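Asks: Enclosed is the structure file upload_4.txt (compact mmCIF, C-alpha atoms (C1' of nucleotides)).
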# COMPACT_ATOMS: atom_id res chain seq x y z
CA MET A 1 0.00 0.00 0.00
CA ILE A 2 1.16 3.52 -0.80
CA THR A 3 0.02 6.41 1.37
CA VAL A 4 0.30 9.98 0.11
CA GLU A 5 -1.03 13.37 1.10
CA LEU A 6 -2.66 15.22 -1.79
CA ASP A 7 -4.19 18.67 -2.23
CA ASN A 8 -7.26 19.33 -4.34
CA PHE A 9 -7.83 15.62 -4.75
CA SER A 10 -11.11 13.88 -3.97
CA LEU A 11 -12.00 10.33 -4.92
CA ARG A 12 -15.67 11.09 -4.42
CA GLU A 13 -15.60 13.94 -6.91
CA ILE A 14 -13.42 12.02 -9.37
CA CYS A 15 -15.76 9.04 -9.22
CA ARG A 16 -18.89 11.11 -9.68
CA SER A 17 -17.49 13.38 -12.39
CA GLY A 18 -18.34 10.80 -15.04
CA GLN A 19 -14.97 10.49 -16.77
CA CYS A 20 -14.33 6.93 -15.67
CA PHE A 21 -17.31 4.61 -16.02
CA ARG A 22 -15.53 1.73 -14.30
CA MET A 23 -14.87 3.37 -10.94
CA HIS A 24 -17.23 2.46 -8.10
CA GLU A 25 -17.68 3.29 -4.46
CA THR A 26 -17.48 0.12 -2.40
CA ALA A 27 -19.32 -0.92 0.74
CA GLU A 28 -16.35 0.31 2.76
CA ASN A 29 -16.44 3.95 3.68
CA ASN A 30 -14.47 6.28 1.38
CA THR A 31 -13.13 3.30 -0.49
CA TYR A 32 -13.33 2.89 -4.24
CA GLU A 33 -12.26 0.38 -6.82
CA LEU A 34 -11.62 0.89 -10.47
CA VAL A 35 -10.56 -0.98 -13.57
CA ALA A 36 -8.54 0.91 -16.16
CA GLY A 37 -7.55 -1.03 -19.24
CA ASP A 38 -6.35 -4.31 -17.74
CA LYS A 39 -5.44 -2.87 -14.32
CA TYR A 40 -7.41 -3.02 -11.11
CA LEU A 41 -6.98 -0.62 -8.19
CA LYS A 42 -8.45 -0.31 -4.75
CA ILE A 43 -8.07 3.15 -3.28
CA SER A 44 -9.29 4.95 -0.18
CA GLN A 45 -9.19 8.46 1.21
CA ALA A 46 -9.48 10.16 4.59
CA GLY A 47 -9.16 13.92 4.36
CA SER A 48 -6.09 14.66 2.25
CA ILE A 49 -4.57 11.24 2.96
CA VAL A 50 -5.00 8.82 0.08
CA ASN A 51 -4.17 5.11 0.16
CA PHE A 52 -3.32 3.24 -3.04
CA TYR A 53 -3.47 -0.53 -2.64
CA CYS A 54 -0.76 -1.36 -5.17
CA SER A 55 3.01 -1.72 -5.54
CA ASP A 56 5.47 1.21 -5.60
CA VAL A 57 6.23 0.62 -9.25
CA GLU A 58 2.58 0.52 -10.27
CA PHE A 59 1.89 3.67 -8.29
CA ILE A 60 4.74 5.63 -9.84
CA CYS A 61 4.47 4.33 -13.37
CA TYR A 62 0.73 4.02 -13.76
CA TRP A 63 -1.45 5.70 -11.14
CA VAL A 64 0.54 8.93 -10.70
CA PRO A 65 0.03 9.91 -14.32
CA TYR A 66 -3.47 8.38 -14.40
CA PHE A 67 -4.75 10.59 -11.58
CA ASP A 68 -2.63 13.56 -12.72
CA ILE A 69 -1.10 13.59 -9.25
CA ASP A 70 1.90 15.75 -10.10
CA SER A 71 -0.27 18.62 -11.34
CA ASP A 72 -1.15 21.52 -9.06
CA TYR A 73 -4.90 22.06 -9.39
CA GLY A 74 -4.67 25.05 -7.09
CA ARG A 75 -3.14 26.82 -10.06
CA TYR A 76 -6.32 26.22 -12.06
CA ILE A 77 -8.61 27.24 -9.22
CA GLU A 78 -6.71 30.49 -8.61
CA LYS A 79 -7.26 31.48 -12.22
CA VAL A 80 -11.06 31.45 -11.89
CA ASN A 81 -12.56 34.91 -12.17
CA PRO A 82 -14.02 35.71 -8.71
CA ARG A 83 -16.66 37.88 -10.39
CA ASP A 84 -17.90 34.81 -12.24
CA THR A 85 -20.17 33.61 -9.45
CA TYR A 86 -21.46 30.66 -11.44
CA LEU A 87 -18.03 29.21 -12.20
CA SER A 88 -16.79 29.97 -8.70
CA ALA A 89 -19.68 27.98 -7.24
CA ALA A 90 -19.05 25.15 -9.70
CA VAL A 91 -15.38 24.97 -8.75
CA GLN A 92 -16.18 24.96 -5.07
CA CYS A 93 -18.68 22.17 -5.62
CA GLY A 94 -16.34 20.04 -7.71
CA ASN A 95 -13.06 20.77 -5.94
CA GLY A 96 -11.00 17.59 -6.01
CA ILE A 97 -11.85 16.56 -9.55
CA ARG A 98 -8.86 15.49 -11.62
CA ILE A 99 -8.58 15.19 -15.38
CA LEU A 100 -7.57 11.55 -15.71
CA ARG A 101 -5.19 10.06 -18.27
CA GLN A 102 -7.23 7.10 -19.40
CA ASP A 103 -6.51 4.62 -22.14
CA LEU A 104 -7.11 6.04 -25.61
CA TRP A 105 -8.77 2.99 -27.12
CA GLU A 106 -10.99 2.55 -24.06
CA MET A 107 -12.13 6.18 -24.26
CA ILE A 108 -12.89 5.91 -27.97
CA ILE A 109 -15.27 2.99 -27.43
CA THR A 110 -16.62 4.37 -24.15
CA PHE A 111 -17.64 7.70 -25.64
CA LEU A 112 -19.03 6.10 -28.79
CA ILE A 113 -21.39 4.30 -26.42
CA SER A 114 -22.05 7.43 -24.35
CA GLN A 115 -23.82 9.34 -27.10
CA GLN A 116 -27.57 9.84 -26.63
CA ASN A 117 -27.38 7.53 -23.62
CA ASN A 118 -27.71 7.95 -19.86
CA ILE A 119 -24.87 7.43 -17.42
CA SER A 120 -26.13 4.33 -15.64
CA ARG A 121 -26.87 2.67 -18.94
CA ILE A 122 -23.44 3.63 -20.29
CA ARG A 123 -21.92 1.90 -17.27
CA SER A 124 -23.90 -1.29 -17.82
CA CYS A 125 -23.14 -1.32 -21.56
CA ILE A 126 -19.40 -1.04 -20.92
CA GLU A 127 -19.50 -3.69 -18.22
CA ARG A 128 -21.28 -6.12 -20.56
CA LEU A 129 -18.71 -5.36 -23.26
CA CYS A 130 -15.87 -6.18 -20.86
CA VAL A 131 -17.46 -9.38 -19.58
CA ARG A 132 -18.19 -10.58 -23.11
CA TYR A 133 -14.99 -9.57 -24.92
CA GLY A 134 -12.44 -8.72 -22.23
CA GLU A 135 -10.30 -11.03 -20.14
CA LYS A 136 -11.16 -12.40 -16.73
CA LEU A 137 -8.32 -11.35 -14.42
CA LYS A 138 -7.51 -11.50 -10.74
CA ALA A 139 -6.03 -8.99 -8.32
CA GLY A 140 -5.51 -10.98 -5.14
CA ASP A 141 -8.89 -12.63 -4.67
CA THR A 142 -10.78 -9.96 -6.59
CA GLU A 143 -11.97 -10.98 -10.04
CA TYR A 144 -12.50 -8.40 -12.75
CA TYR A 145 -12.72 -8.08 -16.52
CA SER A 146 -10.24 -6.06 -18.56
CA PHE A 147 -11.45 -3.68 -21.23
CA PRO A 148 -11.27 -5.59 -24.54
CA THR A 149 -8.37 -4.74 -26.86
CA PRO A 150 -9.10 -3.85 -30.50
CA GLN A 151 -8.19 -7.43 -31.43
CA GLN A 152 -10.52 -8.86 -28.80
CA LEU A 153 -13.38 -6.58 -29.84
CA SER A 154 -12.85 -7.30 -33.54
CA VAL A 155 -14.65 -10.64 -33.20
CA ALA A 156 -17.88 -8.83 -32.33
CA THR A 157 -20.50 -8.52 -35.04
CA GLU A 158 -22.98 -5.68 -35.26
CA GLU A 159 -25.83 -8.03 -34.45
CA GLU A 160 -24.03 -9.40 -31.39
CA LEU A 161 -23.41 -5.88 -30.12
CA ARG A 162 -27.06 -4.97 -30.62
CA ARG A 163 -28.03 -7.98 -28.55
CA LEU A 164 -25.67 -6.65 -25.86
CA GLY A 165 -27.76 -3.46 -25.80
CA MET A 166 -25.49 -1.10 -27.75
CA GLY A 167 -28.38 -0.04 -29.97
CA TYR A 168 -27.58 1.90 -33.12
CA ARG A 169 -24.06 2.51 -31.78
CA ALA A 170 -23.21 -1.10 -32.59
CA ARG A 171 -22.35 -0.14 -36.16
CA TYR A 172 -20.03 2.62 -34.95
CA ILE A 173 -18.19 0.16 -32.70
CA VAL A 174 -17.70 -2.36 -35.51
CA GLU A 175 -16.57 0.26 -38.03
CA THR A 176 -14.28 2.09 -35.61
CA THR A 177 -12.64 -1.16 -34.47
CA ARG A 178 -12.02 -2.08 -38.10
CA SER A 179 -10.55 1.37 -38.86
CA ILE A 180 -8.11 1.14 -35.95
CA LEU A 181 -7.01 -2.41 -36.80
CA ALA A 182 -6.62 -1.45 -40.46
CA GLY A 183 -4.36 1.42 -39.44
CA GLU A 184 -6.59 4.06 -41.04
CA VAL A 185 -6.34 5.88 -37.74
CA SER A 186 -3.29 5.17 -35.58
CA LEU A 187 -3.55 5.16 -31.79
CA GLU A 188 0.23 5.62 -31.51
CA LYS A 189 0.16 8.67 -33.75
CA LEU A 190 -2.75 10.13 -31.81
CA TYR A 191 -0.75 9.80 -28.58
CA GLN A 192 2.16 11.63 -30.19
CA MET A 193 0.12 14.49 -31.63
CA LYS A 194 1.04 17.65 -29.83
CA TYR A 195 -1.84 19.80 -30.96
CA TYR A 196 -5.37 19.34 -29.69
CA ARG A 197 -6.97 20.49 -32.95
CA ARG A 198 -4.94 17.99 -34.95
CA ALA A 199 -5.87 15.06 -32.70
CA ARG A 200 -9.52 16.14 -32.70
CA LYS A 201 -9.63 16.23 -36.48
CA GLU A 202 -7.95 12.82 -36.71
CA LEU A 203 -10.40 11.26 -34.23
CA MET A 204 -13.35 12.61 -36.22
CA LYS A 205 -12.34 10.34 -39.10
CA LEU A 206 -13.74 7.48 -37.03
CA SER A 207 -17.32 6.35 -37.53
CA GLY A 208 -19.57 7.73 -34.81
CA VAL A 209 -17.00 10.25 -33.57
CA GLY A 210 -18.24 13.82 -33.92
CA GLU A 211 -17.07 17.02 -32.24
CA LYS A 212 -18.36 16.21 -28.77
CA VAL A 213 -17.10 12.64 -28.61
CA ALA A 214 -13.73 13.69 -30.07
CA ASP A 215 -13.43 16.36 -27.38
CA CYS A 216 -14.16 13.84 -24.63
CA ILE A 217 -11.45 11.55 -25.99
CA CYS A 218 -9.01 14.46 -26.31
CA LEU A 219 -9.65 15.49 -22.71
CA PHE A 220 -9.98 12.19 -20.87
CA ALA A 221 -7.35 10.17 -22.73
CA LEU A 222 -4.96 12.55 -24.47
CA HIS A 223 -5.05 15.18 -21.71
CA HIS A 224 -5.54 18.05 -24.13
CA MET A 225 -6.60 20.58 -21.51
CA ASP A 226 -8.12 22.94 -24.08
CA ALA A 227 -10.72 20.40 -25.17
CA PHE A 228 -14.17 21.58 -24.08
CA PRO A 229 -16.84 18.96 -24.77
CA ILE A 230 -20.22 20.59 -25.33
CA ASP A 231 -23.07 18.24 -24.50
CA THR A 232 -26.69 19.02 -23.76
CA HIS A 233 -25.94 20.15 -20.19
CA ILE A 234 -23.01 22.38 -21.12
CA ARG A 235 -25.02 23.84 -24.01
CA GLN A 236 -27.72 24.86 -21.54
CA VAL A 237 -25.16 26.49 -19.26
CA LEU A 238 -23.55 28.37 -22.13
CA ASP A 239 -26.96 29.67 -23.20
CA GLU A 240 -27.89 30.63 -19.67
CA HIS A 241 -24.68 31.94 -18.11
CA TYR A 242 -22.31 32.67 -21.00
CA ARG A 243 -24.43 34.35 -23.63
CA ARG A 244 -21.36 36.12 -24.98
CA GLY A 245 -19.40 32.88 -25.09
CA PHE A 246 -17.22 31.09 -22.58
CA PRO A 247 -14.09 33.16 -21.69
CA ASN A 248 -11.74 30.97 -23.71
CA ARG A 249 -8.86 33.40 -23.64
CA ARG A 250 -8.78 33.61 -19.89
CA TYR A 251 -8.88 29.85 -19.45
CA HIS A 252 -6.46 28.96 -22.21
CA GLY A 253 -4.72 25.68 -21.31
CA MET A 254 -7.37 24.85 -18.71
CA ARG A 255 -10.68 24.95 -20.56
CA GLY A 256 -11.13 21.23 -20.03
CA ILE A 257 -10.98 21.29 -16.25
CA MET A 258 -13.40 24.24 -16.18
CA GLN A 259 -15.77 22.20 -18.35
CA GLN A 260 -15.55 19.37 -15.84
CA TYR A 261 -16.34 21.62 -12.89
CA ILE A 262 -19.39 22.89 -14.78
CA PHE A 263 -20.49 19.44 -15.90
CA TYR A 264 -20.18 18.08 -12.37
CA TYR A 265 -22.05 21.05 -10.93
CA GLU A 266 -24.90 20.58 -13.37
CA LEU A 267 -24.98 16.84 -12.89
CA ILE A 268 -25.14 16.61 -9.11
CA GLY A 269 -24.47 20.07 -7.73
CA GLU A 270 -26.72 22.83 -6.59
CA ARG A 271 -28.05 23.59 -10.03
CA GLY A 272 -30.60 26.30 -10.45
CA LYS A 273 -29.99 27.84 -7.05
CA ILE A 274 -28.22 30.93 -8.28
C1' DT B 1 -46.15 5.27 -18.46
C1' DC B 2 -43.46 8.28 -21.15
C1' DC B 3 -39.55 11.13 -21.54
C1' DC B 4 -34.92 11.33 -22.28
C1' DA B 5 -30.01 10.45 -22.16
C1' DG B 6 -22.38 13.49 -22.07
C1' DG B 7 -24.76 12.95 -30.50
C1' DC B 8 -23.90 11.49 -35.02
C1' DG B 9 -24.64 10.95 -39.95
C1' DG B 10 -27.35 12.13 -43.53
C1' DT B 11 -30.35 15.08 -46.22
C1' DA B 12 -32.72 19.32 -47.56
C1' DG B 13 -32.96 24.09 -48.06
C1' DC C 1 -23.81 27.31 -43.58
C1' DT C 2 -28.11 25.95 -40.50
C1' DA C 3 -32.20 23.02 -39.61
C1' DC C 4 -34.08 19.01 -39.06
C1' DC C 5 -34.71 13.72 -38.78
C1' DG C 6 -33.96 8.84 -37.53
C1' DC C 7 -31.66 5.98 -34.67
C1' DA C 8 -32.01 1.72 -30.02
C1' DT C 9 -32.64 0.96 -25.47
C1' DG C 10 -33.70 0.95 -20.65
C1' DG C 11 -33.37 3.95 -16.43
C1' DG C 12 -36.10 6.96 -13.58
What would the structure in this file look like if it were written as structure tokens?

Replies:
Amino acid sequence: MITVELDNFSLREICRSGQCFRMHETAENNTYELVAGDKYLKISQAGSIVNFYCSDVEFICYWVPYFDIDSDYGRYIEKVNPRDTYLSAAVQCGNGIRILRQDLWEMIITFLISQQNNISRIRSCIERLCVRYGEKLKAGDTEYYSFPTPQQLSVATEEELRRLGMGYRARYIVETTRSILAGEVSLEKLYQMKYYRRARKELMKLSGVGEKVADCICLFALHHMDAFPIDTHIRQVLDEHYRRGFPNRRYHGMRGIMQQYIFYYELIGERGKI
DNA sequence: TCCCAGGCGGTAG
DNA sequence: CTACCGCATGGG
């Protein structure tokens, strides 16, 4: 077990922010478990003290970048315009959220499924996908299923995926998997792309990936902090609170985290009370 | 029950 | 360019 003290870090807020659909609160208090790619982690928090139930090497090499632990989120929070009462409230509500560095392939499939779908159903769809096409693995005596690789998912037919409840997104999954395996879009190249706009444009070559889904992938996998996914909730907020547009200039290099604070606030925060 | 969900692709004007 | 439409399914 690794114990560290972290500022502006909250498992509760990370879990509920809806970036990772395979993170769950357990029966134990303030204890969570998550599966990312083929890795399982149990993690708990008391105040600013966070316990990672894993080896030193795994912590340093995998979970530090995954949870963006080396970044100072106080720097983002300081930048918020105090006269922007809406954003200030959103940040206060969602303080502790991190922008995760999740697996690119997993985010592509996850956010293909997310479109025109509700969060609990997205979760169950992904879980079924993992059970059906992923690998059964063990961490100690805990069994879990890895997220299927492109090769593993390539055996799925559109009809099979429809039976799994993917709906009309089944075709997108089949076509996108084929595109990746055929090398029409390269995951390695996407990881190397320095510019957000370039990666976004490349992702939009995939079937079922439009502007919003591409932005989610850019933010939650590629860590392009200027990506600003606009979904139905964010659209409402922009119309209501930012009629003259979101202050992009001010939040250059941190638009993504501001989007997450807003999304979280709308999802479970004190919406409508201002 | 009935509405809707972290949209996208296609078509029409 | 913008405006619409159809799409699958089950959670609340």

Asks: Kindly determine which residues of chain C lie within 8 Å of chain A, considering all atoms listed in the file, and give the answer as a ChimeraX atom specification.

Replies: /C:7-11

Asks: Pick out the chain B residues within 12 Å of chain A. Count all atoms listed in the file. Give them as a list of chain:residue names.

Replies: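 Result, ordered by chain then number: B:DC4, B:DA5, B:DG6, B:DG7, B:DC8, B:DG9.
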
Asks: As a list of chain:residue names, please: the residues near DG13 (chain B) (cut-off 12 Å, all atoms listed in the file, same-chain neighbours under 4 positions excluded).

Replies: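 With the cut-off at 12 Å, the set is C:DC1, C:DT2, C:DA3, C:DC4.
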